[in-house]
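**Q** Next comes model_20.txt, compact mmCIF, C-alpha atoms:
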# COMPACT_ATOMS: atom_id res chain seq x y z
CA ASP A 1 -13.65 -8.72 -12.63
CA THR A 2 -11.29 -8.46 -9.69
CA ALA A 3 -7.84 -7.31 -10.77
CA VAL A 4 -5.88 -8.56 -7.76
CA SER A 5 -7.53 -11.21 -5.61
CA GLN A 6 -6.47 -12.88 -2.40
CA THR A 7 -7.68 -15.94 -0.54
CA PRO A 8 -8.66 -16.39 2.16
CA LYS A 9 -10.07 -13.04 3.27
CA TYR A 10 -9.88 -14.09 6.90
CA LEU A 11 -7.58 -16.64 8.51
CA VAL A 12 -7.65 -17.64 12.16
CA THR A 13 -5.11 -20.19 13.28
CA GLN A 14 -3.08 -21.44 16.22
CA MET A 15 0.51 -20.57 17.07
CA GLY A 16 2.98 -22.96 15.51
CA ASN A 17 0.85 -23.81 12.49
CA ASP A 18 1.92 -23.39 8.87
CA LYS A 19 -0.38 -21.48 6.55
CA SER A 20 -0.49 -20.08 3.02
CA ILE A 21 -2.18 -17.05 1.53
CA LYS A 22 -2.86 -17.04 -2.19
CA CYS A 23 -2.70 -14.09 -4.56
CA GLU A 24 -3.69 -13.88 -8.20
CA GLN A 25 -3.64 -10.95 -10.61
CA ASN A 26 -5.34 -10.82 -14.01
CA LEU A 27 -3.73 -7.57 -15.13
CA GLY A 28 -0.89 -9.19 -17.04
CA HIS A 29 1.61 -7.51 -14.73
CA ASP A 30 5.14 -8.86 -14.39
CA THR A 31 5.87 -7.84 -10.80
CA MET A 32 4.05 -8.81 -7.63
CA TYR A 33 4.45 -7.79 -3.99
CA TRP A 34 3.49 -8.64 -0.45
CA TYR A 35 2.94 -5.94 2.17
CA LYS A 36 2.13 -6.28 5.86
CA GLN A 37 -0.20 -3.87 7.68
CA ASP A 38 0.12 -3.96 11.45
CA SER A 39 -2.47 -3.16 14.09
CA LYS A 40 -1.60 0.54 13.86
CA LYS A 41 -2.27 0.40 10.10
CA PHE A 42 1.39 0.88 9.24
CA LEU A 43 2.20 -0.69 5.85
CA LYS A 44 5.57 -2.20 5.08
CA ILE A 45 6.94 -4.06 2.08
CA MET A 46 7.82 -7.70 2.64
CA PHE A 47 8.75 -8.96 -0.83
CA SER A 48 8.78 -7.91 -4.43
CA TYR A 49 9.10 -10.51 -7.16
CA ASN A 50 9.23 -10.68 -10.93
CA ASN A 51 10.44 -13.35 -13.30
CA LYS A 52 14.01 -12.39 -12.69
CA GLU A 53 14.39 -11.33 -9.15
CA LEU A 54 13.11 -11.79 -5.63
CA ILE A 55 13.81 -8.89 -3.33
CA ILE A 56 13.32 -9.56 0.34
CA ASN A 57 12.96 -6.90 2.99
CA GLU A 58 15.73 -7.73 5.43
CA THR A 59 13.41 -7.38 8.39
CA VAL A 60 11.18 -10.24 7.25
CA PRO A 61 11.75 -13.48 9.20
CA ASN A 62 12.76 -16.46 7.11
CA ARG A 63 9.58 -18.21 8.29
CA PHE A 64 7.93 -16.21 5.51
CA SER A 65 8.51 -17.36 1.95
CA PRO A 66 6.91 -16.25 -1.31
CA LYS A 67 6.16 -18.89 -3.91
CA SER A 68 5.29 -18.09 -7.50
CA PRO A 69 3.91 -20.98 -9.57
CA ASP A 70 3.50 -18.66 -12.56
CA LYS A 71 3.55 -15.01 -13.53
CA ALA A 72 -0.02 -14.37 -12.35
CA HIS A 73 0.37 -15.82 -8.87
CA LEU A 74 2.46 -15.04 -5.83
CA ASN A 75 1.54 -17.02 -2.73
CA LEU A 76 2.81 -16.32 0.76
CA HIS A 77 3.75 -19.27 2.92
CA ILE A 78 4.29 -18.82 6.64
CA ASN A 79 5.88 -21.46 8.85
CA SER A 80 5.58 -21.76 12.61
CA LEU A 81 3.15 -18.90 13.04
CA GLU A 82 3.67 -16.54 15.98
CA LEU A 83 1.31 -14.16 17.76
CA GLY A 84 3.17 -11.21 16.24
CA ASP A 85 2.32 -12.39 12.75
CA SER A 86 -1.26 -11.26 13.29
CA ALA A 87 -1.82 -8.51 10.73
CA VAL A 88 -3.43 -7.75 7.41
CA TYR A 89 -1.41 -8.96 4.44
CA PHE A 90 -1.82 -7.23 1.10
CA CYS A 91 -0.77 -8.50 -2.27
CA ALA A 92 -0.09 -6.01 -5.08
CA SER A 93 1.07 -6.04 -8.69
CA SER A 94 2.57 -3.65 -11.22
CA GLN A 95 4.18 -3.60 -14.64
CA VAL A 96 7.66 -2.50 -15.60
CA ARG A 97 7.65 0.24 -18.24
CA ALA A 98 10.44 2.09 -19.98
CA GLY A 99 10.36 4.82 -17.36
CA GLY A 100 10.18 2.42 -14.42
CA GLN A 101 7.49 0.61 -12.49
CA GLU A 102 3.88 1.54 -13.07
CA THR A 103 1.29 2.02 -10.35
CA GLN A 104 0.83 -0.82 -7.89
CA TYR A 105 -2.67 -2.26 -7.62
CA PHE A 106 -3.62 -3.89 -4.35
CA GLY A 107 -5.73 -6.85 -3.41
CA PRO A 108 -8.43 -6.68 -0.71
CA GLY A 109 -6.15 -8.03 2.00
CA THR A 110 -6.05 -11.16 4.17
CA ARG A 111 -6.73 -10.65 7.86
CA LEU A 112 -4.60 -13.14 9.78
CA LEU A 113 -5.20 -13.75 13.46
CA VAL A 114 -2.84 -16.06 15.33
CA LEU A 115 -4.16 -17.37 18.66
CA GLY B 116 16.80 5.80 3.64
CA ASP B 117 13.58 6.82 1.95
CA SER B 118 10.75 7.87 4.23
CA VAL B 119 7.34 9.51 4.22
CA THR B 120 5.89 11.63 7.01
CA GLN B 121 2.18 12.34 7.27
CA MET B 122 0.29 14.49 9.69
CA GLU B 123 -1.02 12.60 12.66
CA GLY B 124 -4.70 11.90 12.80
CA PRO B 125 -7.46 11.46 13.34
CA VAL B 126 -8.81 14.36 11.36
CA THR B 127 -12.44 15.11 12.14
CA LEU B 128 -14.42 17.40 9.85
CA SER B 129 -17.99 18.38 9.14
CA GLU B 130 -19.46 17.70 5.72
CA GLU B 131 -18.47 20.32 3.10
CA ALA B 132 -15.40 21.41 5.06
CA PHE B 133 -12.01 21.91 3.39
CA LEU B 134 -9.51 19.11 3.81
CA THR B 135 -5.73 19.21 3.89
CA ILE B 136 -3.58 16.23 4.84
CA ASN B 137 0.10 17.09 4.91
CA CYS B 138 2.72 14.76 3.48
CA THR B 139 6.47 15.29 3.19
CA TYR B 140 9.11 12.87 2.00
CA THR B 141 12.80 12.13 2.13
CA ALA B 142 14.28 10.33 -0.84
CA THR B 143 17.11 10.14 -3.31
CA GLY B 144 16.21 11.89 -6.53
CA TYR B 145 12.62 12.56 -7.52
CA PRO B 146 10.45 9.57 -6.79
CA SER B 147 6.91 9.03 -8.00
CA LEU B 148 4.42 10.00 -5.31
CA PHE B 149 1.04 8.51 -4.51
CA TRP B 150 -2.02 8.84 -2.32
CA TYR B 151 -3.86 5.65 -1.51
CA VAL B 152 -7.17 5.40 0.37
CA GLN B 153 -8.40 2.56 2.56
CA TYR B 154 -12.11 2.49 3.34
CA PRO B 155 -13.21 0.61 6.47
CA GLY B 156 -12.68 -3.13 6.09
CA GLU B 157 -11.35 -2.82 2.56
CA GLY B 158 -8.06 -2.90 0.71
CA LEU B 159 -5.99 -0.04 -0.66
CA GLN B 160 -7.18 1.94 -3.63
CA LEU B 161 -5.06 4.35 -5.62
CA LEU B 162 -6.49 7.83 -5.21
CA LEU B 163 -4.02 9.86 -7.26
CA LYS B 164 -0.39 10.06 -8.25
CA ALA B 165 2.31 12.37 -9.63
CA THR B 166 5.48 11.24 -11.30
CA LYS B 167 7.53 14.41 -11.59
CA ALA B 168 7.98 17.81 -10.00
CA ASP B 169 5.08 20.27 -10.37
CA ASP B 170 2.72 17.53 -11.56
CA LYS B 171 -0.74 17.72 -10.06
CA GLY B 172 -2.61 14.50 -9.44
CA SER B 173 -6.39 14.66 -9.12
CA ASN B 174 -9.31 12.29 -8.68
CA LYS B 175 -12.79 12.43 -7.13
CA GLY B 176 -12.30 16.06 -6.12
CA PHE B 177 -8.99 15.36 -4.38
CA GLU B 178 -5.79 17.05 -5.53
CA ALA B 179 -2.10 16.94 -4.67
CA THR B 180 0.84 18.77 -6.23
CA TYR B 181 4.39 17.41 -6.32
CA ARG B 182 6.56 20.15 -4.77
CA LYS B 183 10.25 19.35 -4.99
CA GLU B 184 11.28 22.58 -3.27
CA THR B 185 9.47 21.60 -0.11
CA THR B 186 9.56 17.80 -0.74
CA SER B 187 5.83 17.74 -0.18
CA PHE B 188 2.72 16.18 -1.66
CA HIS B 189 -0.18 17.51 0.41
CA LEU B 190 -3.66 16.13 -0.23
CA GLU B 191 -6.55 18.60 -0.52
CA LYS B 192 -10.26 18.54 -1.17
CA GLY B 193 -12.50 21.57 -1.26
CA SER B 194 -15.64 19.98 0.18
CA VAL B 195 -15.54 16.63 1.94
CA GLN B 196 -18.42 14.20 2.16
CA VAL B 197 -19.32 11.58 4.75
CA SER B 198 -18.34 8.94 2.19
CA ASP B 199 -14.75 10.27 2.24
CA SER B 200 -14.27 8.87 5.74
CA ALA B 201 -11.31 6.52 5.42
CA VAL B 202 -7.59 6.16 6.09
CA TYR B 203 -5.36 8.03 3.63
CA PHE B 204 -1.81 6.94 2.92
CA CYS B 205 0.91 8.98 1.26
CA ALA B 206 3.59 6.88 -0.44
CA LEU B 207 6.66 7.11 -2.63
CA LEU B 208 8.17 4.59 -4.99
CA ASN B 209 11.72 3.79 -3.97
CA GLN B 210 14.57 4.53 -6.35
CA ALA B 211 14.96 0.90 -7.36
CA GLY B 212 11.29 0.81 -8.23
CA THR B 213 10.84 -2.28 -6.09
CA ALA B 214 8.63 -1.03 -3.28
CA LEU B 215 6.26 1.64 -2.07
CA ILE B 216 7.32 3.39 1.10
CA PHE B 217 4.23 4.45 3.03
CA GLY B 218 3.49 7.08 5.60
CA LYS B 219 1.70 5.96 8.75
CA GLY B 220 -1.71 6.89 7.41
CA THR B 221 -4.17 9.59 8.43
CA THR B 222 -7.67 8.68 9.53
CA LEU B 223 -10.35 11.06 8.26
CA SER B 224 -13.78 11.10 9.84
CA VAL B 225 -16.48 13.26 8.26
CA SER B 226 -19.78 13.86 10.02
CA SER B 227 -23.02 15.18 8.58
Just dump the structure as structure tokens.

**A**
Amino acid sequence: DTAVSQTPKYLVTQMGNDKSIKCEQNLGHDTMYWYKQDSKKFLKIMFSYNNKELIINETVPNRFSPKSPDKAHLNLHINSLELGDSAVYFCASSQVRAGGQETQYFGPGTRLLVL
Amino acid sequence: GDSVTQMEGPVTLSEEAFLTINCTYTATGYPSLFWYVQYPGEGLQLLLKATKADDKGSNKGFEATYRKETTSFHLEKGSVQVSDSAVYFCALLNQAGTALIFGKGTTLSVSS
């Protein structure tokens, strides 16, 4: 069974559209994340979220918003898509332990292409 | 702020060659350190990790030792295989525990 899953795997859309990417984890983790990987394969955190707190990377445009219907899901909604949003988006999850956060487990990624 | 620096790639090796990918970090305190691997067209997989100084992480023949004196976490493998061809990312967990900070990745290409 897939631990962290994302849908869709590929997403091609026009500039200006609004789209969502879904993420689900079946690991029972309490914290989920979104990362962006650019065309040079550089990975950067966008959001981290648990039941208590949403932490937003200050460089993320407010067109991006995470939405969590429940503990196992963290969806990424993007408004007014721009060409520069084309990237691979990775969801991840981890669990808080006494000593801190455990290892983050990543989904397979969603390849977004904005035309 | 926290940062991770990896050697620039691509690294091209013949099968059974010795691999080293250098990784150094800048951080407050002693963060947990990780190596992730991304095979072509796939997501990120945890390769190995170390949570405190002098710990050695190992998996699938790969090893890395947490060296606080040199703030390094170099990845090594004694004999690479064609199937090891991938992009390797060094990362640290930030002090707040809220995010992984990644290096820019090193592409490894192994030929038979």

**Q** Please identify every residue of chain A that has at least one atom no more than 12 Å from any atom of chain B, counting all atoms listed in the file, and report them as a PyMOL selection string.

**A** chain A and resi 3-6+9-10+31-50+53-57+88-111

**Q** Would you save the residues of that selection, restricted to C-alpha atoms, as a PDB file, keeping the file's coordinate frame?

**A**
ATOM      1  CA  ALA A   3      -7.840  -7.310 -10.770  1.00  0.00           C
ATOM      2  CA  VAL A   4      -5.880  -8.560  -7.760  1.00  0.00           C
ATOM      3  CA  SER A   5      -7.530 -11.210  -5.610  1.00  0.00           C
ATOM      4  CA  GLN A   6      -6.470 -12.880  -2.400  1.00  0.00           C
ATOM      5  CA  LYS A   9     -10.070 -13.040   3.270  1.00  0.00           C
ATOM      6  CA  TYR A  10      -9.880 -14.090   6.900  1.00  0.00           C
ATOM      7  CA  THR A  31       5.870  -7.840 -10.800  1.00  0.00           C
ATOM      8  CA  MET A  32       4.050  -8.810  -7.630  1.00  0.00           C
ATOM      9  CA  TYR A  33       4.450  -7.790  -3.990  1.00  0.00           C
ATOM     10  CA  TRP A  34       3.490  -8.640  -0.450  1.00  0.00           C
ATOM     11  CA  TYR A  35       2.940  -5.940   2.170  1.00  0.00           C
ATOM     12  CA  LYS A  36       2.130  -6.280   5.860  1.00  0.00           C
ATOM     13  CA  GLN A  37      -0.200  -3.870   7.680  1.00  0.00           C
ATOM     14  CA  ASP A  38       0.120  -3.960  11.450  1.00  0.00           C
ATOM     15  CA  SER A  39      -2.470  -3.160  14.090  1.00  0.00           C
ATOM     16  CA  LYS A  40      -1.600   0.540  13.860  1.00  0.00           C
ATOM     17  CA  LYS A  41      -2.270   0.400  10.100  1.00  0.00           C
ATOM     18  CA  PHE A  42       1.390   0.880   9.240  1.00  0.00           C
ATOM     19  CA  LEU A  43       2.200  -0.690   5.850  1.00  0.00           C
ATOM     20  CA  LYS A  44       5.570  -2.200   5.080  1.00  0.00           C
ATOM     21  CA  ILE A  45       6.940  -4.060   2.080  1.00  0.00           C
ATOM     22  CA  MET A  46       7.820  -7.700   2.640  1.00  0.00           C
ATOM     23  CA  PHE A  47       8.750  -8.960  -0.830  1.00  0.00           C
ATOM     24  CA  SER A  48       8.780  -7.910  -4.430  1.00  0.00           C
ATOM     25  CA  TYR A  49       9.100 -10.510  -7.160  1.00  0.00           C
ATOM     26  CA  ASN A  50       9.230 -10.680 -10.930  1.00  0.00           C
ATOM     27  CA  GLU A  53      14.390 -11.330  -9.150  1.00  0.00           C
ATOM     28  CA  LEU A  54      13.110 -11.790  -5.630  1.00  0.00           C
ATOM     29  CA  ILE A  55      13.810  -8.890  -3.330  1.00  0.00           C
ATOM     30  CA  ILE A  56      13.320  -9.560   0.340  1.00  0.00           C
ATOM     31  CA  ASN A  57      12.960  -6.900   2.990  1.00  0.00           C
ATOM     32  CA  VAL A  88      -3.430  -7.750   7.410  1.00  0.00           C
ATOM     33  CA  TYR A  89      -1.410  -8.960   4.440  1.00  0.00           C
ATOM     34  CA  PHE A  90      -1.820  -7.230   1.100  1.00  0.00           C
ATOM     35  CA  CYS A  91      -0.770  -8.500  -2.270  1.00  0.00           C
ATOM     36  CA  ALA A  92      -0.090  -6.010  -5.080  1.00  0.00           C
ATOM     37  CA  SER A  93       1.070  -6.040  -8.690  1.00  0.00           C
ATOM     38  CA  SER A  94       2.570  -3.650 -11.220  1.00  0.00           C
ATOM     39  CA  GLN A  95       4.180  -3.600 -14.640  1.00  0.00           C
ATOM     40  CA  VAL A  96       7.660  -2.500 -15.600  1.00  0.00           C
ATOM     41  CA  ARG A  97       7.650   0.240 -18.240  1.00  0.00           C
ATOM     42  CA  ALA A  98      10.440   2.090 -19.980  1.00  0.00           C
ATOM     43  CA  GLY A  99      10.360   4.820 -17.360  1.00  0.00           C
ATOM     44  CA  GLY A 100      10.180   2.420 -14.420  1.00  0.00           C
ATOM     45  CA  GLN A 101       7.490   0.610 -12.490  1.00  0.00           C
ATOM     46  CA  GLU A 102       3.880   1.540 -13.070  1.00  0.00           C
ATOM     47  CA  THR A 103       1.290   2.020 -10.350  1.00  0.00           C
ATOM     48  CA  GLN A 104       0.830  -0.820  -7.890  1.00  0.00           C
ATOM     49  CA  TYR A 105      -2.670  -2.260  -7.620  1.00  0.00           C
ATOM     50  CA  PHE A 106      -3.620  -3.890  -4.350  1.00  0.00           C
ATOM     51  CA  GLY A 107      -5.730  -6.850  -3.410  1.00  0.00           C
ATOM     52  CA  PRO A 108      -8.430  -6.680  -0.710  1.00  0.00           C
ATOM     53  CA  GLY A 109      -6.150  -8.030   2.000  1.00  0.00           C
ATOM     54  CA  THR A 110      -6.050 -11.160   4.170  1.00  0.00           C
ATOM     55  CA  ARG A 111      -6.730 -10.650   7.860  1.00  0.00           C
TER      56      ARG A 111
END

**Q** Rounded to one decimal, what separation in Å do you get between CA of Leu115 (chain A) and CA of Val12 (chain A)?

**A** 7.4 Å

**Q** So what do you get for CA of Asp117 (chain B) versus CA of His29 (chain A), distance-wise?

**A**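 Result for CA of Asp117 (chain B) versus CA of His29 (chain A): 25.0 Å, one decimal.
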
**Q** Step by step: start from the point (-10.2, 16.8, -6.1) in the file's coordinates, keep every protein, DNA or RNA residue that has an atom no farther than 10 Å from it, count only C-alpha atoms, and write the set as a list of chain:residue names.

**A** B:Leu162, B:Leu163, B:Gly172, B:Ser173, B:Asn174, B:Lys175, B:Gly176, B:Phe177, B:Glu178, B:Ala179, B:Leu190, B:Glu191, B:Lys192, B:Gly193, B:Ser194, B:Val195

**Q** Within 9 Å of Leu81 (chain A), counting only C-alpha atoms, which residues show up once you throw out same-chain ones fewer than 4 positions away? Write them as a PyMOL selection string, please.

**A** chain A and resi 13-19+63+85-86+114

**Q** Quick one: residues within 8 Å of Val197 (chain B), only C-alpha atoms counted, chain neighbours fewer than 6 positions away excluded, as a ChimeraX atom specification?

**A** /B:130,224-227

**Q** By how many Å are CA of Gly116 (chain B) and CA of Tyr203 (chain B) apart?

**A** 22.3 Å

**Q** Report the centre and edge lengths, in Å to one decimal, of an axis-aligned box enclosing every atom of region 81-98 of chain A listed in the file, padded by 6 Å on each side, as lines of an AutoDock Vina configuration file.

**A**
center_x = 3.5
center_y = -8.4
center_z = -1.1
size_x = 25.9
size_y = 33.0
size_z = 49.7
